[in-house]
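> The file below is data-v5.pdb, PDB, C-alpha atoms:
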```
ATOM      1  CA  MET X   1     258.877 143.472 117.516  1.00  0.00           C
ATOM      2  CA  GLN X   2     260.295 140.175 118.823  1.00  0.00           C
ATOM      3  CA  GLU X   3     257.792 138.108 120.813  1.00  0.00           C
ATOM      4  CA  LYS X   4     258.975 137.369 124.323  1.00  0.00           C
ATOM      5  CA  LEU X   5     259.273 133.654 125.115  1.00  0.00           C
ATOM      6  CA  THR X   6     257.031 132.647 128.014  1.00  0.00           C
ATOM      7  CA  LEU X   7     255.965 129.331 129.485  1.00  0.00           C
ATOM      8  CA  ARG X   8     252.730 129.576 127.486  1.00  0.00           C
ATOM      9  CA  ASN X   9     254.436 129.811 124.077  1.00  0.00           C
ATOM     10  CA  LYS X  10     257.572 127.808 124.886  1.00  0.00           C
ATOM     11  CA  PRO X  11     258.325 125.485 121.959  1.00  0.00           C
ATOM     12  CA  THR X  12     257.981 121.798 122.704  1.00  0.00           C
ATOM     13  CA  ALA X  13     259.931 119.025 121.043  1.00  0.00           C
ATOM     14  CA  PRO X  14     258.058 116.931 118.500  1.00  0.00           C
ATOM     15  CA  PRO X  15     257.571 113.307 119.553  1.00  0.00           C
ATOM     16  CA  TYR X  16     260.377 110.980 118.494  1.00  0.00           C
ATOM     17  CA  ASP X  17     260.370 107.201 118.797  1.00  0.00           C
ATOM     18  CA  PRO X  18     263.720 105.878 117.511  1.00  0.00           C
ATOM     19  CA  THR X  19     262.192 102.398 117.041  1.00  0.00           C
ATOM     20  CA  ALA X  20     259.415 103.588 114.708  1.00  0.00           C
ATOM     21  CA  PRO X  21     260.044 103.202 110.969  1.00  0.00           C
ATOM     22  CA  PRO X  22     260.901 106.496 109.223  1.00  0.00           C
ATOM     23  CA  VAL X  23     258.582 108.194 106.757  1.00  0.00           C
ATOM     24  CA  LEU X  24     261.647 108.697 104.505  1.00  0.00           C
ATOM     25  CA  ASP X  25     264.850 106.722 105.028  1.00  0.00           C
ATOM     26  CA  ILE X  26     268.340 107.781 104.007  1.00  0.00           C
ATOM     27  CA  LYS X  27     267.963 106.246 100.524  1.00  0.00           C
ATOM     28  CA  GLU X  28     264.846 108.298  99.795  1.00  0.00           C
ATOM     29  CA  ILE X  29     266.404 111.461 101.249  1.00  0.00           C
ATOM     30  CA  THR X  30     269.453 110.939  99.010  1.00  0.00           C
ATOM     31  CA  ARG X  31     267.131 110.510  96.012  1.00  0.00           C
ATOM     32  CA  ARG X  32     265.376 113.818  96.782  1.00  0.00           C
ATOM     33  CA  LEU X  33     268.239 116.037  97.993  1.00  0.00           C
ATOM     34  CA  PRO X  34     271.447 116.684  96.013  1.00  0.00           C
ATOM     35  CA  HIS X  35     273.631 116.789  99.147  1.00  0.00           C
ATOM     36  CA  ARG X  36     276.250 114.086  99.662  1.00  0.00           C
ATOM     37  CA  TYR X  37     278.895 113.248 102.249  1.00  0.00           C
ATOM     38  CA  PRO X  38     280.118 115.170 104.149  1.00  0.00           C
ATOM     39  CA  PHE X  39     277.298 117.648 103.604  1.00  0.00           C
ATOM     40  CA  GLN X  40     274.183 115.484 103.828  1.00  0.00           C
ATOM     41  CA  LEU X  41     272.911 116.412 107.283  1.00  0.00           C
ATOM     42  CA  VAL X  42     269.557 114.621 107.549  1.00  0.00           C
ATOM     43  CA  ASP X  43     269.506 110.923 108.482  1.00  0.00           C
ATOM     44  CA  LYS X  44     265.764 110.283 108.357  1.00  0.00           C
ATOM     45  CA  ILE X  45     262.369 111.964 108.169  1.00  0.00           C
ATOM     46  CA  ILE X  46     259.930 110.899 110.878  1.00  0.00           C
ATOM     47  CA  HIS X  47     256.981 113.155 109.989  1.00  0.00           C
ATOM     48  CA  LEU X  48     255.927 114.810 106.736  1.00  0.00           C
ATOM     49  CA  ASP X  49     252.678 116.476 105.736  1.00  0.00           C
ATOM     50  CA  GLU X  50     251.647 119.526 103.672  1.00  0.00           C
ATOM     51  CA  GLN X  51     252.569 122.022 106.397  1.00  0.00           C
ATOM     52  CA  CYS X  52     255.449 120.565 108.422  1.00  0.00           C
ATOM     53  CA  VAL X  53     258.306 118.088 108.495  1.00  0.00           C
ATOM     54  CA  THR X  54     260.382 116.516 111.254  1.00  0.00           C
ATOM     55  CA  GLY X  55     263.812 115.076 110.561  1.00  0.00           C
ATOM     56  CA  VAL X  56     266.568 113.472 112.618  1.00  0.00           C
ATOM     57  CA  LYS X  57     270.350 113.817 112.584  1.00  0.00           C
ATOM     58  CA  ASN X  58     272.552 111.674 114.800  1.00  0.00           C
ATOM     59  CA  VAL X  59     275.690 113.604 115.697  1.00  0.00           C
ATOM     60  CA  THR X  60     278.816 111.459 116.136  1.00  0.00           C
ATOM     61  CA  ILE X  61     282.446 112.243 116.911  1.00  0.00           C
ATOM     62  CA  ASN X  62     283.255 110.927 113.404  1.00  0.00           C
ATOM     63  CA  GLU X  63     281.800 114.072 111.771  1.00  0.00           C
ATOM     64  CA  PRO X  64     284.638 115.699 109.762  1.00  0.00           C
ATOM     65  CA  PHE X  65     284.013 119.184 111.203  1.00  0.00           C
ATOM     66  CA  PHE X  66     284.878 118.032 114.750  1.00  0.00           C
ATOM     67  CA  GLN X  67     288.557 117.770 113.763  1.00  0.00           C
ATOM     68  CA  GLY X  68     288.734 121.550 113.699  1.00  0.00           C
ATOM     69  CA  HIS X  69     285.730 122.725 115.743  1.00  0.00           C
ATOM     70  CA  PHE X  70     287.176 122.426 118.378  1.00  0.00           C
ATOM     71  CA  PRO X  71     289.868 119.809 119.057  1.00  0.00           C
ATOM     72  CA  GLY X  72     289.422 118.539 122.605  1.00  0.00           C
ATOM     73  CA  GLU X  73     286.092 120.395 122.976  1.00  0.00           C
ATOM     74  CA  PRO X  74     283.926 119.312 120.001  1.00  0.00           C
ATOM     75  CA  ILE X  75     280.921 121.528 119.244  1.00  0.00           C
ATOM     76  CA  MET X  76     278.738 121.309 116.119  1.00  0.00           C
ATOM     77  CA  PRO X  77     279.034 124.621 114.245  1.00  0.00           C
ATOM     78  CA  GLY X  78     275.860 126.695 114.283  1.00  0.00           C
ATOM     79  CA  VAL X  79     275.963 127.212 110.518  1.00  0.00           C
ATOM     80  CA  LEU X  80     275.775 123.426 110.047  1.00  0.00           C
ATOM     81  CA  GLN X  81     272.801 123.249 112.401  1.00  0.00           C
ATOM     82  CA  VAL X  82     271.062 125.842 110.227  1.00  0.00           C
ATOM     83  CA  GLU X  83     272.065 123.896 107.090  1.00  0.00           C
ATOM     84  CA  ALA X  84     270.562 120.729 108.589  1.00  0.00           C
ATOM     85  CA  LEU X  85     267.317 122.651 109.187  1.00  0.00           C
ATOM     86  CA  ALA X  86     267.441 124.024 105.629  1.00  0.00           C
ATOM     87  CA  GLN X  87     267.816 120.497 104.232  1.00  0.00           C
ATOM     88  CA  THR X  88     264.902 119.317 106.383  1.00  0.00           C
ATOM     89  CA  GLY X  89     262.842 122.260 105.119  1.00  0.00           C
ATOM     90  CA  GLY X  90     263.922 121.387 101.582  1.00  0.00           C
ATOM     91  CA  ILE X  91     262.237 118.001 101.988  1.00  0.00           C
ATOM     92  CA  LEU X  92     259.028 119.825 103.004  1.00  0.00           C
ATOM     93  CA  VAL X  93     259.114 122.139  99.989  1.00  0.00           C
ATOM     94  CA  LEU X  94     260.029 119.320  97.579  1.00  0.00           C
ATOM     95  CA  ASN X  95     257.041 117.379  98.909  1.00  0.00           C
ATOM     96  CA  THR X  96     254.784 119.872  97.075  1.00  0.00           C
ATOM     97  CA  VAL X  97     255.802 118.646  93.596  1.00  0.00           C
ATOM     98  CA  PRO X  98     255.053 115.224  92.072  1.00  0.00           C
ATOM     99  CA  ASP X  99     258.633 114.702  90.833  1.00  0.00           C
ATOM    100  CA  PRO X 100     260.944 116.080  93.586  1.00  0.00           C
ATOM    101  CA  GLU X 101     264.062 114.513  92.040  1.00  0.00           C
ATOM    102  CA  ASN X 102     263.726 117.066  89.190  1.00  0.00           C
ATOM    103  CA  TYR X 103     263.830 120.102  91.514  1.00  0.00           C
ATOM    104  CA  LEU X 104     266.304 121.867  93.799  1.00  0.00           C
ATOM    105  CA  THR X 105     265.639 124.053  96.799  1.00  0.00           C
ATOM    106  CA  TYR X 106     267.813 127.099  97.266  1.00  0.00           C
ATOM    107  CA  PHE X 107     268.362 128.577 100.699  1.00  0.00           C
ATOM    108  CA  LEU X 108     267.811 132.350 100.273  1.00  0.00           C
ATOM    109  CA  GLY X 109     267.871 133.811 103.754  1.00  0.00           C
ATOM    110  CA  ILE X 110     267.609 133.495 107.502  1.00  0.00           C
ATOM    111  CA  ASP X 111     266.031 135.743 110.105  1.00  0.00           C
ATOM    112  CA  ALA X 112     265.913 135.702 113.890  1.00  0.00           C
ATOM    113  CA  CYS X 113     268.406 132.850 114.248  1.00  0.00           C
ATOM    114  CA  ARG X 114     269.160 131.906 117.852  1.00  0.00           C
ATOM    115  CA  PHE X 115     271.358 129.191 119.306  1.00  0.00           C
ATOM    116  CA  ARG X 116     270.139 128.141 122.748  1.00  0.00           C
ATOM    117  CA  LYS X 117     272.394 125.201 123.654  1.00  0.00           C
ATOM    118  CA  MET X 118     275.614 123.662 122.310  1.00  0.00           C
ATOM    119  CA  VAL X 119     275.360 120.504 120.195  1.00  0.00           C
ATOM    120  CA  VAL X 120     278.023 117.881 120.931  1.00  0.00           C
ATOM    121  CA  PRO X 121     278.862 114.337 119.778  1.00  0.00           C
ATOM    122  CA  GLY X 122     276.265 111.856 120.986  1.00  0.00           C
ATOM    123  CA  ASP X 123     273.349 114.287 120.568  1.00  0.00           C
ATOM    124  CA  THR X 124     270.365 113.382 118.421  1.00  0.00           C
ATOM    125  CA  LEU X 125     268.954 116.428 116.657  1.00  0.00           C
ATOM    126  CA  VAL X 126     265.208 116.433 116.102  1.00  0.00           C
ATOM    127  CA  MET X 127     264.633 119.117 113.475  1.00  0.00           C
ATOM    128  CA  HIS X 128     261.162 120.532 112.913  1.00  0.00           C
ATOM    129  CA  CYS X 129     260.168 122.925 110.104  1.00  0.00           C
ATOM    130  CA  LYS X 130     256.765 124.349 109.330  1.00  0.00           C
ATOM    131  CA  LEU X 131     255.546 126.609 106.559  1.00  0.00           C
ATOM    132  CA  LEU X 132     254.743 130.141 107.665  1.00  0.00           C
ATOM    133  CA  THR X 133     253.271 131.188 104.328  1.00  0.00           C
ATOM    134  CA  GLU X 134     251.803 129.428 101.332  1.00  0.00           C
ATOM    135  CA  ILE X 135     254.394 128.596  98.653  1.00  0.00           C
ATOM    136  CA  LYS X 136     253.987 131.247  95.939  1.00  0.00           C
ATOM    137  CA  ARG X 137     255.937 131.370  92.661  1.00  0.00           C
ATOM    138  CA  GLY X 138     258.340 128.830  94.147  1.00  0.00           C
ATOM    139  CA  PHE X 139     259.166 130.869  97.276  1.00  0.00           C
ATOM    140  CA  SER X 140     258.519 129.612 100.781  1.00  0.00           C
ATOM    141  CA  LYS X 141     258.981 130.997 104.261  1.00  0.00           C
ATOM    142  CA  MET X 142     259.259 128.567 107.152  1.00  0.00           C
ATOM    143  CA  SER X 143     260.239 128.373 110.772  1.00  0.00           C
ATOM    144  CA  GLY X 144     262.728 125.798 111.965  1.00  0.00           C
ATOM    145  CA  GLN X 145     263.640 124.464 115.374  1.00  0.00           C
ATOM    146  CA  ILE X 146     266.165 121.916 116.587  1.00  0.00           C
ATOM    147  CA  PHE X 147     265.689 119.964 119.786  1.00  0.00           C
ATOM    148  CA  VAL X 148     268.036 117.661 121.661  1.00  0.00           C
ATOM    149  CA  GLY X 149     265.732 115.717 123.944  1.00  0.00           C
ATOM    150  CA  ASP X 150     263.248 118.297 125.195  1.00  0.00           C
ATOM    151  CA  LYS X 151     265.734 121.195 124.991  1.00  0.00           C
ATOM    152  CA  LEU X 152     265.496 123.764 122.213  1.00  0.00           C
ATOM    153  CA  THR X 153     268.986 124.208 120.759  1.00  0.00           C
ATOM    154  CA  CYS X 154     268.372 126.360 117.673  1.00  0.00           C
ATOM    155  CA  GLU X 155     265.522 128.312 116.094  1.00  0.00           C
ATOM    156  CA  VAL X 156     265.367 130.255 112.851  1.00  0.00           C
ATOM    157  CA  THR X 157     263.069 131.665 110.185  1.00  0.00           C
ATOM    158  CA  MET X 158     264.182 130.690 106.666  1.00  0.00           C
ATOM    159  CA  LEU X 159     263.370 131.702 103.125  1.00  0.00           C
ATOM    160  CA  ALA X 160     263.811 129.170 100.321  1.00  0.00           C
ATOM    161  CA  GLN X 161     263.063 128.827  96.621  1.00  0.00           C
ATOM    162  CA  ILE X 162     262.186 125.702  94.699  1.00  0.00           C
ATOM    163  CA  ALA X 163     263.299 125.560  91.064  1.00  0.00           C
ATOM    164  CA  LYS X 164     263.285 122.949  88.334  1.00  0.00           C
ATOM    165  CA  LYS X 165     266.747 121.496  87.609  1.00  0.00           C
ATOM    166  CA  ALA X 166     268.214 122.815  84.366  1.00  0.00           C
ATOM    167  CA  ASP X 167     268.799 119.316  82.952  1.00  0.00           C
ATOM    168  CA  SER X 168     265.164 118.274  83.597  1.00  0.00           C
ATOM    169  CA  GLU X 169     263.813 121.110  81.389  1.00  0.00           C
ATOM    170  CA  LYS X 170     265.246 119.580  78.190  1.00  0.00           C
TER     171      LYS X 170
END
```
Would you kindly transcribe this structure into structure tokens?

Amino acid sequence: MQEKLTLRNKPTAPPYDPTAPPVLDIKEITRRLPHRYPFQLVDKIIHLDEQCVTGVKNVTINEPFFQGHFPGEPIMPGVLQVEALAQTGGILVLNTVPDPENYLTYFLGIDACRFRKMVVPGDTLVMHCKLLTEIKRGFSKMSGQIFVGDKLTCEVTMLAQIAKKADSEK
């Protein structure tokens, strides 16, 4: 049964200071994740521990998807918001191995996905993922939320798998 959202359990945005140095910058994210332009959707990681991660994506009008979604009324597609959360969660899962550049995370499923507010050019997405279960046999379940300012824009439960890259097993 879906839990009803009340003031007591209302999600709050993680703290974000844009002047603070990132935990992982774009170079380190690129080293860990296989995604590249135009599909790399995490600009920096501002918090990372064993249980949760917080990443940031700055949304600009120069994003290629805004040409078609929608001309004159640009809105970031929900599937790309979920992908940005999945990439942020991938950083969390990859943080559990000593050599993350030799692993990939595969997005296996989503549950209870909700979009609460439209994302438009100029928004800064603060993406927060936390593990819901211990990683077992390479599988992880996590919750993800996106905030713009203090407003929740997207929330989802995701399932992912971490696997060694085929070329690193040789």
> Take the point (257.8, 127.7, 106.2) as written in the file and pick out every residue within 12 Å of it, counting only C-alpha atoms; give the list as a PyMOL selection string.
chain X and resi 50-53+85-86+88-93+107+110+128-136+139-145+156-161
> Could you tell me which of X:Val56, X:Val79, X:Leu41, X:Leu125 comes closest to Leu24 of chain X if we count all atoms listed in the file?
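Looking at the shortest contact to Leu24 of chain X, the residue is X:Val56.
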> Skipping near chain neighbours, those fewer than 6 positions away, what residues fall within 9 Å of Ala13 of chain X using all atoms listed in the file, listed as a PyMOL selection string?
chain X and resi 126-128+145-152
> Care to translate the PyMOL selection byres ((chain X and resi 46) around 9) into actual residues of this file, as a list in words?
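Selected by the PyMOL selection byres ((chain X and resi 46) around 9) here: Tyr16, Asp17, Ala20, Pro21, Pro22, Val23, Leu24, Asp25, Lys44, Ile45, His47, Leu48, Val53, Thr54, Gly55 and Val56 of chain X.
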> Since we have the selection now, will you write its residues out, keeping C-alpha atoms, as a CSV table (one decimal), in the frame of the given file?

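part05.csv was written with the following content:
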```csv
chain,number,residue,atom,x,y,z
X,16,TYR,CA,260.4,111.0,118.5
X,17,ASP,CA,260.4,107.2,118.8
X,20,ALA,CA,259.4,103.6,114.7
X,21,PRO,CA,260.0,103.2,111.0
X,22,PRO,CA,260.9,106.5,109.2
X,23,VAL,CA,258.6,108.2,106.8
X,24,LEU,CA,261.6,108.7,104.5
X,25,ASP,CA,264.8,106.7,105.0
X,44,LYS,CA,265.8,110.3,108.4
X,45,ILE,CA,262.4,112.0,108.2
X,47,HIS,CA,257.0,113.2,110.0
X,48,LEU,CA,255.9,114.8,106.7
X,53,VAL,CA,258.3,118.1,108.5
X,54,THR,CA,260.4,116.5,111.3
X,55,GLY,CA,263.8,115.1,110.6
X,56,VAL,CA,266.6,113.5,112.6
```
> Quick one: 5 Å padding each side, axis-aligned, all listed atoms of segment 120-130 of chain X - centre and edge lengths in Å to one decimal, as JSON?

```
{"center_x": 267.8, "center_y": 118.1, "center_z": 115.2, "size_x": 32.1, "size_y": 22.5, "size_z": 21.7}
```
> May I ask which of the residues X:Leu80, X:Phe66, X:Thr60, X:Asn102 is the closest one to Gln40 of chain X, counting only C-alpha atoms?
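Residue with the minimum atom-to-atom distance to Gln40 of chain X: X:Leu80.
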> Determine the residue set returned by the PyMOL selection byres ((chain X and resi 101) around 8) for the present structure, and present it as an MDAnalysis selection string.
chainID X and resid 31:33 99:100 102:104
> Go through X:Thr153, X:Tyr106, X:Asn62, X:Pro98 and flag the residue nearest Met118 of chain X, using only C-alpha atoms for the distances.
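Nearest to Met118 of chain X: X:Thr153.
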> One decimal, in Å: what's the spacing between atom CA of Ile162 of chain X and atom CA of Met76 of chain X?
27.4 Å
> Atom CA of Ile29 of chain X and atom CA of Val42 of chain X, how far apart in Å?
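It comes out at 7.7 Å.
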> Could you jot down the atom CA of Cys154 of chain X to atom CA of Phe115 of chain X separation for me, Å, one decimal place?
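Rounded to one decimal, the two atoms are 4.4 Å apart.
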> Report as a PyMOL selection string the residues that result from applying the PyMOL selection byres ((chain X and resi 113) around 6) to the structure here.
chain X and resi 111-112+114+155-156
> Find the residue from X:Lys164, X:Lys27, X:Lys117, X:Arg137 that sits nearest to Ile75 of chain X; use all atoms listed in the file when measuring.
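Selected residue with least distance to Ile75 of chain X: X:Lys117.
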> I need the residue nearest His69 of chain X from this list: X:Asp43, X:Val119, X:Asn95, X:Lys10. Use only C-alpha atoms for the distance.
X:Val119
> May I ask which of the residues X:Ile26, X:Val59, X:Leu108, X:Leu94 is the closest one to Pro74 of chain X, counting only C-alpha atoms?
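Using only C-alpha atoms, Pro74 of chain X sits closest to X:Val59.
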